[in-house]
$ cat start09.txt   # compact mmCIF, C-alpha atoms
# COMPACT_ATOMS: atom_id res chain seq x y z
CA MET X 1 128.41 52.04 65.52
CA THR X 2 131.27 52.03 68.01
CA ARG X 3 131.45 54.90 70.46
CA PRO X 4 134.53 56.61 68.80
CA ARG X 5 132.85 56.45 65.40
CA LEU X 6 129.66 57.86 66.90
CA TRP X 7 131.60 60.82 68.30
CA ILE X 8 133.28 61.39 64.91
CA ALA X 9 129.88 61.30 63.16
CA LEU X 10 128.36 63.70 65.69
CA GLY X 11 131.37 65.99 65.28
CA ALA X 12 130.93 66.04 61.52
CA MET X 13 127.21 66.80 61.87
CA ALA X 14 127.96 69.60 64.30
CA ALA X 15 130.52 71.05 61.89
CA ALA X 16 128.00 70.86 59.05
CA GLY X 17 125.42 72.57 61.26
CA ALA X 18 127.88 75.33 62.08
CA CYS X 19 128.42 75.90 58.38
CA VAL X 20 124.68 76.20 57.79
CA ARG X 21 124.35 78.71 60.60
CA VAL X 22 126.98 81.07 59.17
CA GLU X 23 125.11 81.36 55.87
CA ARG X 24 123.94 84.93 55.38
CA GLU X 25 120.32 85.70 56.21
CA PRO X 26 118.38 86.96 53.18
CA ALA X 27 117.45 90.15 55.02
CA ILE X 28 118.88 91.75 58.13
CA ALA X 29 117.91 94.71 60.30
CA HIS X 30 120.94 96.65 61.58
CA ASN X 31 121.27 99.21 64.38
CA ALA X 32 117.60 99.22 65.34
CA TRP X 33 116.75 101.72 68.06
CA ALA X 34 113.82 103.70 69.40
CA ARG X 35 113.36 106.68 71.69
CA ALA X 36 112.36 106.25 75.33
CA ALA X 37 108.68 107.01 75.94
CA ASP X 38 105.87 106.47 78.42
CA SER X 39 103.37 103.65 78.38
CA GLY X 40 100.59 104.43 75.90
CA ALA X 41 102.73 106.97 74.05
CA THR X 42 103.95 106.88 70.47
CA THR X 43 107.64 106.80 69.71
CA GLY X 44 109.90 106.71 66.67
CA ALA X 45 112.04 103.71 65.73
CA TYR X 46 114.96 103.65 63.31
CA LEU X 47 117.05 100.99 61.58
CA THR X 48 118.77 99.95 58.41
CA PHE X 49 117.19 97.01 56.62
CA VAL X 50 119.59 95.25 54.24
CA ASN X 51 118.41 92.90 51.52
CA HIS X 52 121.06 90.22 50.90
CA ASP X 53 118.68 88.17 48.79
CA THR X 54 119.09 87.78 45.04
CA LEU X 55 115.61 89.23 44.50
CA ALA X 56 114.01 92.53 45.42
CA VAL X 57 112.00 92.57 48.61
CA HIS X 58 108.86 94.55 49.48
CA VAL X 59 108.23 95.18 53.15
CA THR X 60 104.50 94.72 53.42
CA SER X 61 103.87 95.24 57.13
CA TRP X 62 105.44 96.16 60.45
CA SER X 63 104.27 95.20 63.91
CA SER X 64 105.42 94.84 67.50
CA PRO X 65 104.21 92.73 70.42
CA ASP X 66 105.15 95.75 72.57
CA ALA X 67 102.83 98.27 70.88
CA GLN X 68 99.30 98.62 69.52
CA ALA X 69 100.52 99.27 65.99
CA VAL X 70 103.59 100.09 63.93
CA GLU X 71 103.41 102.25 60.80
CA LEU X 72 105.99 103.49 58.32
CA HIS X 73 105.89 107.29 58.02
CA GLU X 74 107.97 109.94 56.37
CA THR X 75 108.78 113.39 57.72
CA MET X 76 108.83 115.94 54.91
CA ASN X 77 109.96 119.53 54.95
CA MET X 78 107.72 121.50 52.59
CA ASP X 79 108.71 125.17 52.52
CA GLY X 80 109.73 125.08 56.17
CA MET X 81 106.56 123.26 57.29
CA MET X 82 107.10 119.77 58.67
CA HIS X 83 104.56 117.19 57.52
CA MET X 84 104.48 113.57 58.63
CA LEU X 85 102.67 111.29 56.25
CA PRO X 86 102.19 107.51 56.16
CA VAL X 87 104.15 105.62 53.49
CA THR X 88 101.36 103.71 51.81
CA ASP X 89 103.25 101.91 49.04
CA PRO X 90 105.34 99.02 50.43
CA PRO X 91 108.97 100.09 49.98
CA ALA X 92 110.91 97.94 47.51
CA ILE X 93 114.49 97.12 48.37
CA ALA X 94 116.54 95.84 45.44
CA SER X 95 118.93 92.91 45.83
CA GLY X 96 121.99 94.09 47.73
CA ASP X 97 120.33 97.40 48.56
CA SER X 98 119.11 98.76 51.86
CA LEU X 99 116.31 100.82 53.36
CA MET X 100 117.47 103.34 55.93
CA LEU X 101 115.02 104.66 58.49
CA ALA X 102 116.48 107.72 60.21
CA PRO X 103 115.34 110.70 62.30
CA GLY X 104 113.84 113.45 60.19
CA ALA X 105 113.17 111.11 57.28
CA LYS X 106 111.43 107.75 56.84
CA HIS X 107 110.83 106.22 60.26
CA LEU X 108 108.69 103.72 62.10
CA MET X 109 105.91 105.13 64.21
CA VAL X 110 105.49 102.78 67.17
CA ILE X 111 102.00 103.59 68.39
CA GLY X 112 100.57 102.92 71.83
CA LEU X 113 103.46 101.39 73.73
CA LYS X 114 102.24 98.68 76.10
CA LYS X 115 104.81 99.62 78.70
CA ARG X 116 107.05 102.53 79.58
CA VAL X 117 110.45 102.11 77.91
CA ALA X 118 113.63 103.72 79.22
CA ALA X 119 117.20 103.92 77.93
CA GLY X 120 118.76 100.46 77.98
CA ASP X 121 115.42 98.61 77.51
CA SER X 122 114.47 97.12 74.19
CA ILE X 123 111.31 96.47 72.21
CA THR X 124 110.66 93.81 69.60
CA LEU X 125 109.82 94.78 66.04
CA VAL X 126 108.57 92.45 63.35
CA LEU X 127 108.54 93.07 59.63
CA ALA X 128 106.91 90.95 56.96
CA THR X 129 107.91 90.79 53.30
CA ASP X 130 106.02 89.90 50.16
CA ALA X 131 108.05 86.67 49.95
CA GLY X 132 106.19 85.50 53.03
CA ARG X 133 109.19 85.98 55.28
CA SER X 134 108.94 87.45 58.72
CA LEU X 135 111.91 89.08 60.45
CA ARG X 136 111.82 89.63 64.21
CA PHE X 137 114.45 91.78 65.89
CA GLY X 138 115.09 93.93 68.93
CA ALA X 139 115.36 97.72 68.99
CA LYS X 140 117.43 99.24 71.79
CA ILE X 141 115.84 102.12 73.63
CA ARG X 142 117.86 105.33 73.78
CA ALA X 143 117.35 108.35 76.00
CA PRO X 144 114.68 110.60 74.47
CA MET V 1 152.93 140.41 54.83
CA MET V 2 154.18 143.95 54.36
CA THR V 3 151.51 146.64 54.51
CA SER V 4 151.82 150.32 53.72
CA GLU V 5 151.22 152.93 56.43
CA PRO V 6 147.77 154.01 55.08
CA THR V 7 146.68 150.35 54.88
CA ARG V 8 147.87 149.76 58.44
CA ARG V 9 145.84 152.76 59.59
CA ILE V 10 142.69 151.49 57.86
CA LEU V 11 143.16 148.03 59.38
CA ALA V 12 143.70 149.56 62.81
CA ALA V 13 140.56 151.67 62.42
CA LEU V 14 138.58 148.59 61.42
CA LEU V 15 139.89 146.61 64.37
CA PHE V 16 139.02 149.53 66.68
CA ALA V 17 135.52 149.70 65.22
CA LEU V 18 135.02 145.96 65.70
CA GLY V 19 136.26 146.27 69.26
CA ALA V 20 133.81 149.08 69.89
CA CYS V 21 130.99 146.83 68.64
CA GLY V 22 131.91 144.12 71.11
CA GLY V 23 134.21 141.96 69.02
CA ALA V 24 134.23 140.21 65.68
CA PRO V 25 130.87 139.70 63.92
CA VAL V 26 129.08 136.59 65.18
CA HIS V 27 128.66 133.86 62.60
CA LEU V 28 125.59 131.73 63.26
CA HIS V 29 124.50 128.47 61.64
CA GLY V 30 120.90 129.42 60.89
CA VAL V 31 119.23 132.12 58.84
CA GLU V 32 120.15 135.33 60.64
CA PHE V 33 117.93 138.34 61.17
CA SER V 34 119.84 141.25 59.74
CA PRO V 35 119.55 143.51 61.54
CA ALA V 36 118.44 141.68 64.67
CA GLU V 37 114.95 142.84 65.62
CA PRO V 38 112.83 142.60 68.77
CA ALA V 39 111.27 139.14 69.04
CA PRO V 40 107.47 138.93 68.94
CA ALA V 41 105.60 138.41 72.19
CA LEU V 42 105.24 134.94 73.68
CA ARG V 43 103.22 134.87 76.87
CA LEU V 44 101.44 131.68 77.88
CA ALA V 45 100.09 130.06 81.02
CA ASP V 46 102.31 127.26 82.26
CA ALA V 47 101.34 123.98 83.91
CA ASN V 48 102.03 125.29 87.42
CA GLY V 49 99.51 128.11 87.37
CA GLY V 50 102.16 130.68 86.45
CA THR V 51 102.98 132.42 83.20
CA PHE V 52 105.90 132.08 80.86
CA ASP V 53 106.70 135.49 79.41
CA LEU V 54 109.47 135.79 76.85
CA ALA V 55 109.79 139.49 77.75
CA ALA V 56 110.89 138.44 81.24
CA GLU V 57 113.76 136.35 79.89
CA ARG V 58 116.21 139.20 79.22
CA GLY V 59 119.72 138.01 80.00
CA HIS V 60 119.00 134.53 78.63
CA VAL V 61 119.30 133.19 75.12
CA VAL V 62 115.97 131.51 74.36
CA PHE V 63 115.39 128.61 71.95
CA ILE V 64 111.74 128.23 70.88
CA TYR V 65 110.15 125.36 68.96
CA PHE V 66 106.51 125.01 67.91
CA GLY V 67 105.44 121.34 67.62
CA TYR V 68 103.17 118.76 69.25
CA THR V 69 103.61 115.79 71.55
CA HIS V 70 102.06 113.15 69.24
CA CYS V 71 104.94 113.87 66.83
CA PRO V 72 107.34 110.93 67.24
CA ASP V 73 110.09 112.10 64.91
CA ILE V 74 111.11 115.70 64.19
CA CYS V 75 109.88 117.18 67.50
CA PRO V 76 111.77 114.71 69.73
CA LEU V 77 114.75 114.95 67.39
CA THR V 78 114.89 118.73 67.87
CA LEU V 79 114.49 118.60 71.65
CA SER V 80 117.01 115.76 71.88
CA ASP V 81 119.52 117.86 69.93
CA TRP V 82 118.90 120.83 72.25
CA ALA V 83 119.57 118.54 75.21
CA LYS V 84 122.84 117.33 73.67
CA ALA V 85 123.93 120.92 73.00
CA ARG V 86 123.03 121.97 76.52
CA ALA V 87 124.94 119.04 78.03
CA ALA V 88 127.97 119.72 75.83
CA LEU V 89 128.18 123.31 77.12
CA GLY V 90 128.06 122.41 80.81
CA THR V 91 127.20 125.42 82.97
CA LYS V 92 127.13 127.71 79.92
CA GLY V 93 124.23 125.64 78.58
CA GLU V 94 122.29 126.54 81.71
CA LYS V 95 122.32 130.20 80.71
CA ALA V 96 119.74 129.57 78.01
CA ARG V 97 116.02 128.78 78.07
CA TYR V 98 114.63 125.94 75.98
CA VAL V 99 110.94 126.35 75.22
CA PHE V 100 108.67 123.83 73.49
CA VAL V 101 105.25 125.21 72.53
CA SER V 102 102.57 122.74 71.49
CA VAL V 103 100.34 123.95 68.68
CA ASP V 104 97.97 121.00 69.22
CA PRO V 105 95.74 122.21 72.08
CA GLU V 106 93.11 119.58 71.27
CA ARG V 107 95.38 116.86 72.70
CA ASP V 108 98.14 118.68 74.57
CA THR V 109 97.22 120.31 77.86
CA PRO V 110 99.88 122.54 79.45
CA ALA V 111 100.66 119.65 81.83
CA ILE V 112 101.18 117.20 78.94
CA SER V 113 103.45 119.66 77.12
CA ALA V 114 105.45 120.35 80.29
CA ALA V 115 105.95 116.63 81.00
CA TYR V 116 106.91 116.01 77.38
CA ALA V 117 109.59 118.73 77.37
CA LYS V 118 111.03 117.59 80.69
CA GLN V 119 111.64 114.08 79.31
CA PHE V 120 114.54 115.58 77.38
CA ASP V 121 115.92 117.79 80.12
CA ALA V 122 114.40 118.71 83.45
CA ALA V 123 115.09 122.39 82.72
CA PHE V 124 113.12 122.46 79.47
CA VAL V 125 109.86 124.41 79.44
CA GLY V 126 106.74 122.92 77.81
CA LEU V 127 103.75 125.15 77.02
CA THR V 128 100.54 124.92 75.02
CA ALA V 129 99.14 127.65 72.80
CA ALA V 130 95.38 127.58 72.26
CA GLY V 131 92.59 129.69 70.80
CA ALA V 132 93.28 133.41 70.49
CA ASP V 133 96.78 132.96 71.95
CA LEU V 134 97.66 130.47 69.20
CA ASP V 135 96.20 132.75 66.51
CA ALA V 136 98.21 135.72 67.80
CA ILE V 137 101.42 133.68 68.00
CA LYS V 138 101.04 132.30 64.47
CA GLN V 139 100.45 135.83 63.19
CA ALA V 140 103.33 137.42 65.10
CA TRP V 141 105.90 134.67 64.54
CA GLY V 142 104.87 134.16 60.92
CA PHE V 143 103.95 130.51 60.59
CA ALA V 144 100.95 128.32 59.89
CA VAL V 145 99.64 125.14 61.49
CA MET V 146 97.57 122.54 59.68
CA LYS V 147 95.70 119.54 61.00
CA GLU V 148 96.21 116.56 58.68
CA GLU V 149 93.96 113.50 58.70
CA THR V 150 96.24 110.71 57.47
CA GLY V 151 94.37 107.57 58.56
CA SER V 152 97.13 106.74 61.02
CA LYS V 153 96.31 104.88 64.22
CA ASN V 154 98.29 107.69 65.89
CA GLY V 155 95.42 110.04 65.06
CA TYR V 156 95.69 113.22 63.05
CA GLY V 157 99.02 114.84 62.28
CA VAL V 158 99.85 118.52 62.67
CA ALA V 159 101.95 120.27 60.05
CA HIS V 160 104.05 122.81 61.94
CA PRO V 161 107.22 124.85 61.50
CA GLY V 162 110.37 122.76 61.67
CA GLN V 163 112.71 125.58 62.66
CA THR V 164 113.99 126.68 66.02
CA PHE V 165 113.61 130.41 66.71
CA VAL V 166 116.57 131.84 68.62
CA VAL V 167 116.19 134.99 70.70
CA ASP V 168 119.24 136.66 72.20
CA ALA V 169 119.75 137.95 75.72
CA ASP V 170 118.45 141.40 74.69
CA GLY V 171 115.17 139.94 73.48
CA ARG V 172 116.05 140.24 69.81
CA GLY V 173 115.33 137.57 67.22
CA ARG V 174 118.79 136.54 65.99
CA GLU V 175 118.35 133.50 63.80
CA ILE V 176 116.14 130.64 62.69
CA LEU V 177 117.85 127.27 62.91
CA PRO V 178 116.73 124.76 60.27
CA PRO V 179 115.45 121.31 61.24
CA ASN V 180 118.22 118.74 61.81
CA THR V 181 120.78 121.33 62.93
CA ARG V 182 123.66 119.45 64.56
CA PRO V 183 123.95 119.72 68.35
CA ALA V 184 127.52 121.01 67.92
CA ASP V 185 126.22 123.89 65.77
CA ILE V 186 123.43 124.68 68.24
CA ALA V 187 126.01 124.74 71.02
CA ALA V 188 128.33 126.98 69.01
CA ASP V 189 125.53 129.47 68.33
CA LEU V 190 124.47 129.51 71.95
CA LYS V 191 128.06 130.14 73.02
CA ALA V 192 128.37 132.97 70.49
CA LEU V 193 125.14 134.62 71.66
CA LEU V 194 125.72 134.40 75.40
CA PRO V 195 126.32 137.83 76.93

$ encode --input "start09.txt" --output "structure tokens"
Amino acid sequence: MTRPRLWIALGAMAAAGACVRVEREPAIAHNAWARAADSGATTGAYLTFVNHDTLAVHVTSWSSPDAQAVELHETMNMDGMMHMLPVTDPPAIASGDSLMLAPGAKHLMVIGLKKRVAAGDSITLVLATDAGRSLRFGAKIRAP
Amino acid sequence: MMTSEPTRRILAALLFALGACGGAPVHLHGVEFSPAEPAPALRLADANGGTFDLAAERGHVVFIYFGYTHCPDICPLTLSDWAKARAALGTKGEKARYVFVSVDPERDTPAISAAYAKQFDAAFVGLTAAGADLDAIKQAWGFAVMKEETGSKNGYGVAHPGQTFVVDADGRGREILPPNTRPADIAADLKALLP
């Protein structure tokens, strides 16, 4: 192959690659954030998880390399008393639907932080789905 | 709008009466005590060897929340919203006291509660209620606390009241703010209650 043709071929491959990269991910975590906290402490993390896939998704587990454990919990107001209970059934997110984790509602409990995190830092969160997919993303730390 | 002379007199009398009471009635965003009544006692040892005594806080509006430091959601949300309200009011926000009382003495020492509260604002007070003090506070303030074993790696949970108790500058209970009250509403209520 002559050098100009090689460049044209490489250009075409690069263009094709670019097209592949802009394809929508089957599931995306938006606006992930967590509250600042000391090393060893437990903090809350929040995000919106959007399922762009054509099938429903079940989130089967959460984890973080920056904490001992991550659990999905729900804060519930029962007659003025606040209870915080683990969500034991993996939440199902229908195709095109989303799961919103927000303060005072469903949230991630990030347990035993391995380091102190301050506003502007970030931690990594990982979620796994029943389809065998794993999604790794950063959560920005906000002032407590 | 045209008003007759008798109507004008009634309106004037009403306006005079309102003026005599210190202005228009205050509208608050929580559940108001009507009439306002003296707040129950709250007297606890602090982390510095002193005592926090609600009775000594006359002249300040006092926000009080009963929670625990292992709570990663509604407790930090409430204290964070207080901090936003305080910041939004500038120097007026400094005329109030913001008091977090842990109802989880098994894990929260007074020092842990104090450090926890100060994460949100250096002026916030963190206390711990234990034993007979906790029993007396629950009785007087009218709430319950329940330890809940949930199997979480975070340890047990503590069911606790989600509301903020607001005491005015005369030591009277004025309202109970529900959980998730917006910082702007907290700020508005504080402004309305300041002497």

$ interface_residues --input "start09.txt" --of "chain V" --to "chain X" --cutoff "6 Å" --atoms "all atoms listed in the file" --output "MDAnalysis selection string"
chainID V and resid 72:74 120 159:162

$ atom_distance --input "start09.txt" --atom1 "atom CA of V:Val145" --atom2 "atom CA of X:Arg142"
29.6 Å

$ residues_around --input "start09.txt" --residues "stretch 82-95 of chain V" --least-positions-apart "4" --cutoff "12 Å" --atoms "only C-alpha atoms" --output "VMD selection string"
(chain X and resid 143 to 144) or (chain V and resid 57 to 65 75 to 78 99 to 100 117 to 124 164 166 168 to 169 177 179 to 195)

$ residues_near_point --input "start09.txt" --point "(103.7, 119.0, 78.5)" --cutoff "10 Å" --atoms "all atoms listed in the file" --output "CSV table (one decimal) with C-alpha atoms, keeping the file's coordinate frame"
chain,number,residue,atom,x,y,z
V,46,ASP,CA,102.3,127.3,82.3
V,47,ALA,CA,101.3,124.0,83.9
V,68,TYR,CA,103.2,118.8,69.2
V,69,THR,CA,103.6,115.8,71.6
V,100,PHE,CA,108.7,123.8,73.5
V,101,VAL,CA,105.2,125.2,72.5
V,102,SER,CA,102.6,122.7,71.5
V,108,ASP,CA,98.1,118.7,74.6
V,109,THR,CA,97.2,120.3,77.9
V,110,PRO,CA,99.9,122.5,79.4
V,111,ALA,CA,100.7,119.6,81.8
V,112,ILE,CA,101.2,117.2,78.9
V,113,SER,CA,103.4,119.7,77.1
V,114,ALA,CA,105.4,120.4,80.3
V,115,ALA,CA,106.0,116.6,81.0
V,116,TYR,CA,106.9,116.0,77.4
V,117,ALA,CA,109.6,118.7,77.4
V,118,LYS,CA,111.0,117.6,80.7
V,119,GLN,CA,111.6,114.1,79.3
V,125,VAL,CA,109.9,124.4,79.4
V,126,GLY,CA,106.7,122.9,77.8
V,127,LEU,CA,103.8,125.2,77.0
V,128,THR,CA,100.5,124.9,75.0

$ atom_distance --input "start09.txt" --atom1 "atom CA of X:His58" --atom2 "atom CA of X:Ala128"
8.5 Å

$ residues_around --input "start09.txt" --residues "X:Leu55" --least-positions-apart "5" --cutoff "9 Å" --atoms "all atoms listed in the file" --output "list in words"
Ile93, Ala94, Ser95 and Gly96 of chain X

$ atom_distance --input "start09.txt" --atom1 "atom CA of V:Asp135" --atom2 "atom CA of V:Gly67"
14.7 Å

$ axis_aligned_box --input "start09.txt" --around "stretch 106-125 of chain V" --padding-each-side "8 Å" --output "lines of an AutoDock Vina configuration file"
center_x = 104.5
center_y = 119.2
center_z = 77.4
size_x = 38.8
size_y = 26.3
size_z = 28.2

$ residues_near_point --input "start09.txt" --point "(97.5, 118.3, 63.5)" --cutoff "6 Å" --atoms "all atoms listed in the file" --output "MDAnalysis selection string"
chainID V and resid 146:148 156:159

$ residues_around --input "start09.txt" --residues "V:Lys138" --least-positions-apart "5" --cutoff "10 Å" --atoms "only C-alpha atoms" --output "number ranges by chain"
V: 66, 103, 129, 132-133, 143-145

$ closest_residue --input "start09.txt" --among "V:Gly30, V:Gln163, V:Ala39, V:Gly50" --to "V:Ala140" --atoms "only C-alpha atoms"
V:Ala39

$ build_atoms --input "start09.txt" --residues "stretch 113-124 of chain X" --atoms "N, CA and C atoms" --output "compact mmCIF listing (two decimals), in the frame of the given file"
# COMPACT_ATOMS: atom_id res chain seq x y z
N LEU X 113 102.55 102.33 73.05
CA LEU X 113 103.46 101.39 73.73
C LEU X 113 102.73 100.71 74.89
N LYS X 114 102.94 99.42 75.04
CA LYS X 114 102.24 98.68 76.10
C LYS X 114 102.91 98.83 77.45
N LYS X 115 104.11 99.39 77.44
CA LYS X 115 104.81 99.62 78.70
C LYS X 115 105.71 100.84 78.52
N ARG X 116 106.10 101.42 79.64
CA ARG X 116 107.05 102.53 79.58
C ARG X 116 108.41 101.96 79.21
N VAL X 117 109.13 102.60 78.31
CA VAL X 117 110.45 102.11 77.91
C VAL X 117 111.49 103.19 78.19
N ALA X 118 112.56 102.79 78.86
CA ALA X 118 113.63 103.72 79.22
C ALA X 118 114.93 103.30 78.55
N ALA X 119 115.90 104.21 78.55
CA ALA X 119 117.20 103.92 77.93
C ALA X 119 117.76 102.62 78.48
N GLY X 120 118.21 101.76 77.58
CA GLY X 120 118.76 100.46 77.98
C GLY X 120 117.77 99.32 77.80
N ASP X 121 116.44 99.64 77.79
CA ASP X 121 115.42 98.61 77.51
C ASP X 121 115.47 98.28 76.02
N SER X 122 114.63 97.35 75.63
CA SER X 122 114.47 97.12 74.19
C SER X 122 113.03 96.72 73.89
N ILE X 123 112.63 96.93 72.66
CA ILE X 123 111.31 96.47 72.21
C ILE X 123 111.54 95.56 71.01
N THR X 124 110.56 94.72 70.75
CA THR X 124 110.66 93.81 69.60
C THR X 124 109.88 94.39 68.43
